[in-house]
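Q: First the structure, then my questions, so here it is.
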Amino acid sequence: MLDRNQIAQRIAQELQDGWYVNLGIGIPTLVANYIPDGIHVEFQSENGLLGMGPFPFEGEEDADLINAGKQTVTMQKGGSIFDSSMSFAMIRGQHVQLTVLGAMEVSDSGDIANWKIPGKMVKGMGGAMDLVASADNIIVAMSHTNRKGQSKLLRQCSLPLTGVKCVKKVVTNMAVLDITPNGFQLLERAPGVSVQEIQAATEGRLIIEGDVPEMQF
Amino acid sequence: MLDRNQIAQRIAQELQDGWYVNLGIGIPTLVANYIPDGIHVEFQSENGLLGMGPFPFEGEEDADLINAGKQTVTMQKGGSIFDSSMSFAMIRGQHVQLTVLGAMEVSDSGDIANWKIPGKMVKGMGGAMDLVASADNIIVAMSHTNRKGQSKLLRQCSLPLTGVKCVKKVVTNMAVLDITPNGFQLLERAPGVSVQEIQAATEGRLIIEGDVPEMQF
Amino acid sequence: MNKLVKDAKEGLAGVKDGMTLMLGGFGLCGIPENCISALVEEGVKDLTCISNNAGVDDFGIGLMLQKRQVKKMISSYVGENDEFERQMLSGELEVDLIPQGSLAERCRAGGAGIPAFFTPAGYGTEVAIGKEVRYFDGKPHILESALHADYALVKAWKGDRYGNIIFKGTARNFNPVMAMAGKITVVEVEEIVEPGELDPNFIHIPGVFVQRIFQGKGYEKRIEQRTTRPKA
Amino acid sequence: MNKLVKDAKEGLAGVKDGMTLMLGGFGLCGIPENCISALVEEGVKDLTCISNNAGVDDFGIGLMLQKRQVKKMISSYVGENDEFERQMLSGELEVDLIPQGSLAERCRAGGAGIPAFFTPAGYGTEVAIGKEVRYFDGKPHILESALHADYALVKAWKGDRYGNIIFKGTARNFNPVMAMAGKITVVEVEEIVEPGELDPNFIHIPGVFVQRIFQGKGYEKRIEQRTTRPKA
């Protein structure tokens with residue numbers, strides 16, 4: 001089973017040179033730590049920042065420079081600042097090549113639920129609905145099962161949806177899967193995890209074709 | 001009868017301190033020469049300029065600073081530059097208090113025709129349709145009759161419309177008129193012009209109440 | 001052309017119970033601190049507040065929530081606020097949650113005279129309930145409407161008495177679109193400059209959108225999530 | 001991240017007969033002079049050109065009209081061009097006239113993923129023919145759709161190899177919204193600067209919208225209406 005950092009590391013292998021990328025809160029944020037050599041990507045933060053850099057050195061925090069998680073950040077050379085409508089013009093207009101975000105549930109047709117649990121305090125969707133409805137390329141980073149051991153890769157989402165038929169790929173602690181018209185296509189297994197284990201942890205339709213290789217790091 | 005400059009001068013009396021104003025090509029442009037003492041207004045040019053100043057001194061023309069008539073202009077202190085979508089956000093969003101423009105015909109319900117004559121080369125409406133559809137306060141500056149002596153203040157426009165029920169006031173070489181639900185209300189006469197002459201030159205419904213004063217300059 | 005007022009109190013003259021306000025800011029970054037303090041002091045209530053977030057318990061809009069001044073919040077994300085949660089769960093506070101991009105675009109639309117537009121965001125979710133759906137290029141979109149406010153409370157970096165303003169860093173966020181959408185837009189800045197000092201090519205929001213402007217004071221600029229890395 | 005190309009020819013690689021192009025500029029102010037020259041040289045034809053104006057007989061898009069490269073113009077105002085008039089009246093050239101504000105907003109919408117929006121402009125005129133009408137707040141509006149282009153040809157003042165650009169004076173006009181709306185956006189600038197030289201707070205169009213950028217040369221910047229006043 002992968003840990004959070006390994007999930008991020010595997011997702012980072014998907015990055016292509018010259019891409020603009022929006023990373024959600026949680027595991028997705030860690031992707032920035034594993035950019036492959038020779039690949040240059042720019043990070044977009046939906047609160048109005050392109051070319052986001054690492055956290056500032058202690059004592060150099062700027063209250064006027066934060067990311068979408070409200071954390072103090074820095075800017076890279078060649079970055080830019082803009083207002084919220086321009087930020088979502090980029091997102092909605094599909095100028096950002098990749099969005100990585102977490103999820104509570106993903107269905108085998110690409111639906112995603114990640115903002116609301118009935119009966120619990122609802123904090124809001126933030127920019128997630130715009131991101132999933134707009135991006136051409138959405139990768140979900142999450143654990144394969146929830147704390148009760150139940151699958152998060154479902155035939156149909158049980159929680160209120162964030163977006164419909166939008167997720168393209170899921171990277172979990174157990175597997176890499178594409179969303180296809182016929183369900184989750186199993187592409188890679190986490191080191192030491194068997195196809196049978198993945199099958200058992202996947203409630204949605206799972207397509208297994210030929211030998212499924214282990215992930216390479 | 002007023003000349004072009006006097007029409008402009010009469011319209012300038014309508015200006016109020018602090019207004020943002022868009023002036024069309026022709027007579028409206030001349031309004032800028034007659035701003036009353038103690039009144040400060042800002043001129044918006046729809047190609048992307050607020051705080052438009054007079055023409056530049058000879059030799060100081062800047063190809064990158066023109067007005068909507070493509071003439072070289074200058075900027076006032078406190079002016080600003082913006083793109084075309086922002087410019088029409090101002091106009092459509094009713095942040096510009098007054099639009100003055102010319103017309104070929106105005107109807108007594110406030111319709112305006114000023115962009116197209118069937119059978120003649122059509123140059124286009126430019127920003128006129130946005131301006132008339134958006135502004136709360138539209139004054140038309142024009143001659144009362146055309147070259148053939150026919151009234152330009154009509155019951156209904158005969159030419160293709162630029163906008164519907166939008167003109168609030170008309171200032172011609174003969175009169176100042178408000179558009180009311182019942183037609184053109186005659187407010188003022190040009191010096192030496194009689195109510196009878198105005199009536200004869202007005203094809204649309206004309207409301208004459210009490211004594212109609214002469215314009216004061 | 002002098003839009004300069006003395007302070008937040010003068011800037012907010014005319015704000016009444018039951019009005020709709022827009023408040024700029026993302027989290028605590030770029031919020032109109034002086035205006036919020038003045039609202040709390042004045043005690044105006046039953047407000048509808050349009051703001052991406054609702055502050056924290058003891059700062060930002062949280063201060064207004066503590067005094068029960070807010071009837072309804074229109075936001076995209078409202079975490080990090082216990083009193084907010086209490087009022088919401090008890091039904092004292094009405095909450096309308098809107099996707100962040102739709103919120104920004106609806107404010108801009110309000111300022112730009114666009115009454116409604118189609119967006120893909122929220123299709124197939126509860127956000128779309130009761131909204132018109134239409135397909136463009138085979139993709140479903142929902143119709144969203146413009147937002148307006150009686151007052152827009154905006155925090156900028158510098159501005160002049162014509163109302164021209166510029167922002168700094170990500171404190172820009174929702175401030176420009178809200179400045180466009182207010183019937184009365186009140187701007188607080190860190191520094192008032194003379195007309196002409198701001199380069200006309202680089203003014204973020206032209207003065208035409210602004211009705212009142214004042215120099216704020218005592219900015220706390222609280223940081224919500226102080227994240228750093230050690231010096232190498 | 002290097003979007004720098006050598007010149008207009010390299011910038012326009014892939015432009016084919018029958019494509020839709022957007023060209024920035026208002027009159028002759030802020031037009032992509034180098035790109036237009038390269039298009040004329042390459043001889044690509046049957047183009048649909050979205051541009052507020054169509055140049056004059058011997059400059060700007062007028063040069064392309066002379067070589068019969070344009071099948072259709074989508075503009076708000078097309079005067080000052082005899083050859084244009086001749087082609088239009090003879091039916092060689094198709095012309096779609098659009099209110100200037102709708103043209104700008106339709107370009108922005110194309111770039112911003114808004115497929116359609118309501119505007120009051122053109123209601124009750126021939127512009128509204130065949131378009132949906134809807135009332136908001138008692139006022140009639142028509143539904144306008146987004147514009148897109150295979151290539152957007154943009155003239156900016158300065159830019160860096162990330163594609164960040166800034167504009168000067170009223171040469172800005174339609175350039176920013178068209179930069180947003182191009183599938184491939186090609187920018188010509190008067191000066192290429194190093195990344196970081198442009199203040200990130202004051203970049204007009206972030207590089208994310210730009211695919212190719214080059215330093216133009218030999219700018220004529222012709223003035224259409226030279227108006228002056230005598231020195232006092």
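Naming works like this for the structure tokens: A, B, ... for the chains as they're shown, residue 1 at the start of each chain, ligands 1 onward in shown order.
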Just asking: which residues within stretch 60-127 of chain A are alpha helix (DSSP H) according to DSSP, as a ChimeraX atom specification?
A: /A:84-92
Q: Would you give me, as CSV, each residue of stretch 29-64 of chain D having an atom within 7 Å of an atom of stretch 214-221 of chain D, along with its shortest atom pair and that distance in Å to one decimal, using only C-alpha atoms and sorting by chain and residue number?
A:
```
residue,atom,partner,partner_atom,distance
D:Cys29,CA,D:Lys221,CA,6.9
D:Glu33,CA,D:Tyr219,CA,6.9
D:Asn34,CA,D:Gly216,CA,6.0
```
Q: Given the selection you just returned, output its residues as a file containing C-alpha atoms, formatted as a PDB file, in the first residue's frame.
A:
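This is the output file part26.pdb:
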```pdb
ATOM      1  CA  CYS D  29      -4.043  51.066 -32.990  1.00  0.00           C
ATOM      2  CA  GLU D  33       1.472  44.243 -37.781  1.00  0.00           C
ATOM      3  CA  ASN D  34       4.069  41.493 -38.045  1.00  0.00           C
TER       4      ASN D  34
END
```
Q: Could you give the C-alpha RMSD in Å for chain B superposed on chain A, pairing all atoms in order?
A: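 My reading of the C-alpha RMSD is 0.0 Å.
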Q: For stretch 103-120 of chain B, work out the shell of residues within 7 Å, counting only C-alpha atoms and skipping chain neighbours fewer than 3 positions away, then give it as a PyMOL selection string.
A: chain B and resi 124-125+140+142+152-157+159-168+179+181+183-184+204-205
Q: Can you work out the spacing between atom CA of A:Gln16 and atom CA of D:Ala13 in Å, to one decimal?
A: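 One can read the atom CA of A:Gln16 to atom CA of D:Ala13 distance as 22.2 Å.
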Q: Select residues of chain C: the criterion is any atom within 6 Å of an atom of chain A, counting only C-alpha atoms; output as a list in words.
A: Ser76, Tyr77, Val78, Gly79, Leu97, Pro99, Gln100, Gly101, Ala104, Glu105, Pro120, Ala121, Gly122, Gly124, Thr125, Gly169, Thr170, Ala171, Arg172, Asn173, Phe174, Ile223, Gln225, Arg226, Thr227, Thr228, Arg229, Pro230 and Lys231 of chain C
Q: Write out, as a short mmCIF file (atom, residue, chain, number, x, y, z; two decimals), in the first residue's frame, the residues just selected, with C-alpha atoms.
A:
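The new file result.cif reads:
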```cif
data_model
loop_
_atom_site.label_atom_id
_atom_site.label_comp_id
_atom_site.auth_asym_id
_atom_site.auth_seq_id
_atom_site.Cartn_x
_atom_site.Cartn_y
_atom_site.Cartn_z
CA SER C 76 -18.28 29.39 -1.47
CA TYR C 77 -16.58 28.12 1.68
CA VAL C 78 -17.39 28.83 5.30
CA GLY C 79 -15.25 26.60 7.47
CA LEU C 97 -23.26 28.10 -0.98
CA PRO C 99 -19.14 27.49 -6.49
CA GLN C 100 -16.24 29.91 -6.17
CA GLY C 101 -15.91 30.57 -9.88
CA ALA C 104 -16.74 35.55 -8.92
CA GLU C 105 -18.40 35.57 -12.32
CA PRO C 120 -20.70 24.19 -16.54
CA ALA C 121 -19.94 24.48 -12.80
CA GLY C 122 -22.45 22.71 -10.63
CA GLY C 124 -25.68 17.56 -11.93
CA THR C 125 -25.21 18.72 -8.34
CA GLY C 169 -0.60 40.12 -4.21
CA THR C 170 -3.41 37.67 -3.57
CA ALA C 171 -5.18 40.29 -1.47
CA ARG C 172 -6.74 41.15 -4.82
CA ASN C 173 -9.03 38.09 -5.10
CA PHE C 174 -12.73 39.07 -5.06
CA ILE C 223 -2.51 35.16 8.71
CA GLN C 225 -2.36 29.40 8.03
CA ARG C 226 1.21 30.43 8.70
CA THR C 227 3.26 27.89 6.76
CA THR C 228 7.02 28.20 6.41
CA ARG C 229 10.08 26.15 5.66
CA PRO C 230 13.28 26.31 7.67
CA LYS C 231 16.10 28.42 6.31
#
```
Q: Please provide as a ChimeraX atom specification all residues within 8 Å of B:Arg10, with the sequence filter that same-chain residues fewer than 6 positions apart are discarded (counting only C-alpha atoms).
A: /B:171,215,217
Q: I need the chosen residues saved as a PDB file, in the first residue's frame, with C-alpha atoms.
A:
```
ATOM      1  CA  VAL B 171     -31.375  68.676 -28.473  1.00  0.00           C
ATOM      2  CA  MET B 215     -32.856  78.529 -24.456  1.00  0.00           C
ATOM      3  CA  PHE B 217     -26.724  80.542 -23.018  1.00  0.00           C
TER       4      PHE B 217
END
```
Q: How many Å lie between atom CA of D:Leu23 and atom CA of A:Phe43, rounded to one decimal?
A: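 Rounded to one decimal, the two atoms are 29.2 Å apart.
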Q: So what do you get for atom CA of A:Pro28 versus atom CA of A:Ala12, distance-wise?
A: 9.5 Å
Q: Would you list the contacts of A:Pro191 as a list in words, taking every protein, DNA or RNA residue within 9 Å and counting only C-alpha atoms, but skipping same-chain residues closer than 5 positions in sequence?
A: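 Residues near the query, excluding close chain neighbours: Met1, Leu2, Met174, Glu214, Met215 and Gln216 of chain A.
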Q: Grab the residues selected above and save them as a PDB file, in the first residue's frame with all heavy atoms.
A:
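What landed in selection22.pdb:
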```
ATOM      1  N   MET A   1       0.853  -1.208   0.000  1.00  0.00           N
ATOM      2  CA  MET A   1       0.000   0.000   0.000  1.00  0.00           C
ATOM      3  C   MET A   1       0.886   1.254   0.000  1.00  0.00           C
ATOM      4  O   MET A   1       1.848   1.347   0.753  1.00  0.00           O
ATOM      5  CB  MET A   1      -0.859   0.049   1.291  1.00  0.00           C
ATOM      6  CG  MET A   1      -1.750  -1.159   1.454  1.00  0.00           C
ATOM      7  SD  MET A   1      -3.324  -0.910   0.634  1.00  0.00           S
ATOM      8  CE  MET A   1      -4.286  -2.189   1.450  1.00  0.00           C
ATOM      9  N   LEU A   2       0.464   2.228  -0.803  1.00  0.00           N
ATOM     10  CA  LEU A   2       1.212   3.484  -0.836  1.00  0.00           C
ATOM     11  C   LEU A   2       0.823   4.357   0.354  1.00  0.00           C
ATOM     12  O   LEU A   2      -0.313   4.300   0.827  1.00  0.00           O
ATOM     13  CB  LEU A   2       0.897   4.260  -2.113  1.00  0.00           C
ATOM     14  CG  LEU A   2       1.089   3.565  -3.459  1.00  0.00           C
ATOM     15  CD1 LEU A   2       0.867   4.566  -4.584  1.00  0.00           C
ATOM     16  CD2 LEU A   2       2.482   2.947  -3.571  1.00  0.00           C
ATOM     17  N   MET A 174      -3.734   1.830  -3.505  1.00  0.00           N
ATOM     18  CA  MET A 174      -3.675   0.473  -4.041  1.00  0.00           C
ATOM     19  C   MET A 174      -3.439   0.387  -5.549  1.00  0.00           C
ATOM     20  O   MET A 174      -2.918  -0.622  -6.022  1.00  0.00           O
ATOM     21  CB  MET A 174      -4.976  -0.282  -3.731  1.00  0.00           C
ATOM     22  CG  MET A 174      -5.290  -0.380  -2.246  1.00  0.00           C
ATOM     23  SD  MET A 174      -6.834  -1.301  -1.942  1.00  0.00           S
ATOM     24  CE  MET A 174      -6.258  -2.992  -2.143  1.00  0.00           C
ATOM     25  N   GLU A 214       3.076  -3.585 -11.765  1.00  0.00           N
ATOM     26  CA  GLU A 214       3.263  -2.784 -10.550  1.00  0.00           C
ATOM     27  C   GLU A 214       3.718  -1.389 -10.934  1.00  0.00           C
ATOM     28  O   GLU A 214       4.373  -1.185 -11.955  1.00  0.00           O
ATOM     29  CB  GLU A 214       4.334  -3.441  -9.658  1.00  0.00           C
ATOM     30  CG  GLU A 214       3.751  -4.456  -8.707  1.00  0.00           C
ATOM     31  CD  GLU A 214       4.750  -4.845  -7.606  1.00  0.00           C
ATOM     32  OE1 GLU A 214       5.846  -4.224  -7.531  1.00  0.00           O
ATOM     33  OE2 GLU A 214       4.426  -5.759  -6.831  1.00  0.00           O
ATOM     34  N   MET A 215       3.350  -0.427 -10.077  1.00  0.00           N
ATOM     35  CA  MET A 215       3.844   0.937 -10.297  1.00  0.00           C
ATOM     36  C   MET A 215       5.360   0.963 -10.202  1.00  0.00           C
ATOM     37  O   MET A 215       5.967   0.211  -9.462  1.00  0.00           O
ATOM     38  CB  MET A 215       3.306   1.874  -9.197  1.00  0.00           C
ATOM     39  CG  MET A 215       1.792   1.963  -9.158  1.00  0.00           C
ATOM     40  SD  MET A 215       1.296   3.017  -7.768  1.00  0.00           S
ATOM     41  CE  MET A 215      -0.409   2.467  -7.567  1.00  0.00           C
ATOM     42  N   GLN A 216       5.948   1.857 -10.953  1.00  0.00           N
ATOM     43  CA  GLN A 216       7.396   2.053 -10.907  1.00  0.00           C
ATOM     44  C   GLN A 216       7.693   3.418 -10.291  1.00  0.00           C
ATOM     45  O   GLN A 216       7.074   4.405 -10.661  1.00  0.00           O
ATOM     46  CB  GLN A 216       7.982   2.005 -12.327  1.00  0.00           C
ATOM     47  CG  GLN A 216       7.716   0.707 -13.061  1.00  0.00           C
ATOM     48  CD  GLN A 216       8.386  -0.491 -12.414  1.00  0.00           C
ATOM     49  OE1 GLN A 216       9.538  -0.388 -11.972  1.00  0.00           O
ATOM     50  NE2 GLN A 216       7.683  -1.616 -12.329  1.00  0.00           N
TER      51      GLN A 216
END
```
Q: Compute the chain C side of the contact with chain D at 9 Å, counting only C-alpha atoms, and hand it back as a VMD selection string.
A: chain C and resid 113 to 120 136 to 137 141 143 166 to 170 200 to 204
Q: From the DSSP assignment of the backbone, select every residue of stretch 48-205 of chain B that is strand (DSSP E), and format the answer as a PyMOL selection string.
A: chain B and resi 49-52+75-81+98-101+105-107+112-113+138-141+153-154+169-171+175-180+183-189
Q: For D:Glu80, please output as a PyMOL selection string all residues within 10 Å (counting only C-alpha atoms; exclusion window: fewer than 6 positions along the same chain).
A: (chain B and resi 123) or (chain D and resi 27+53-57+62+224)
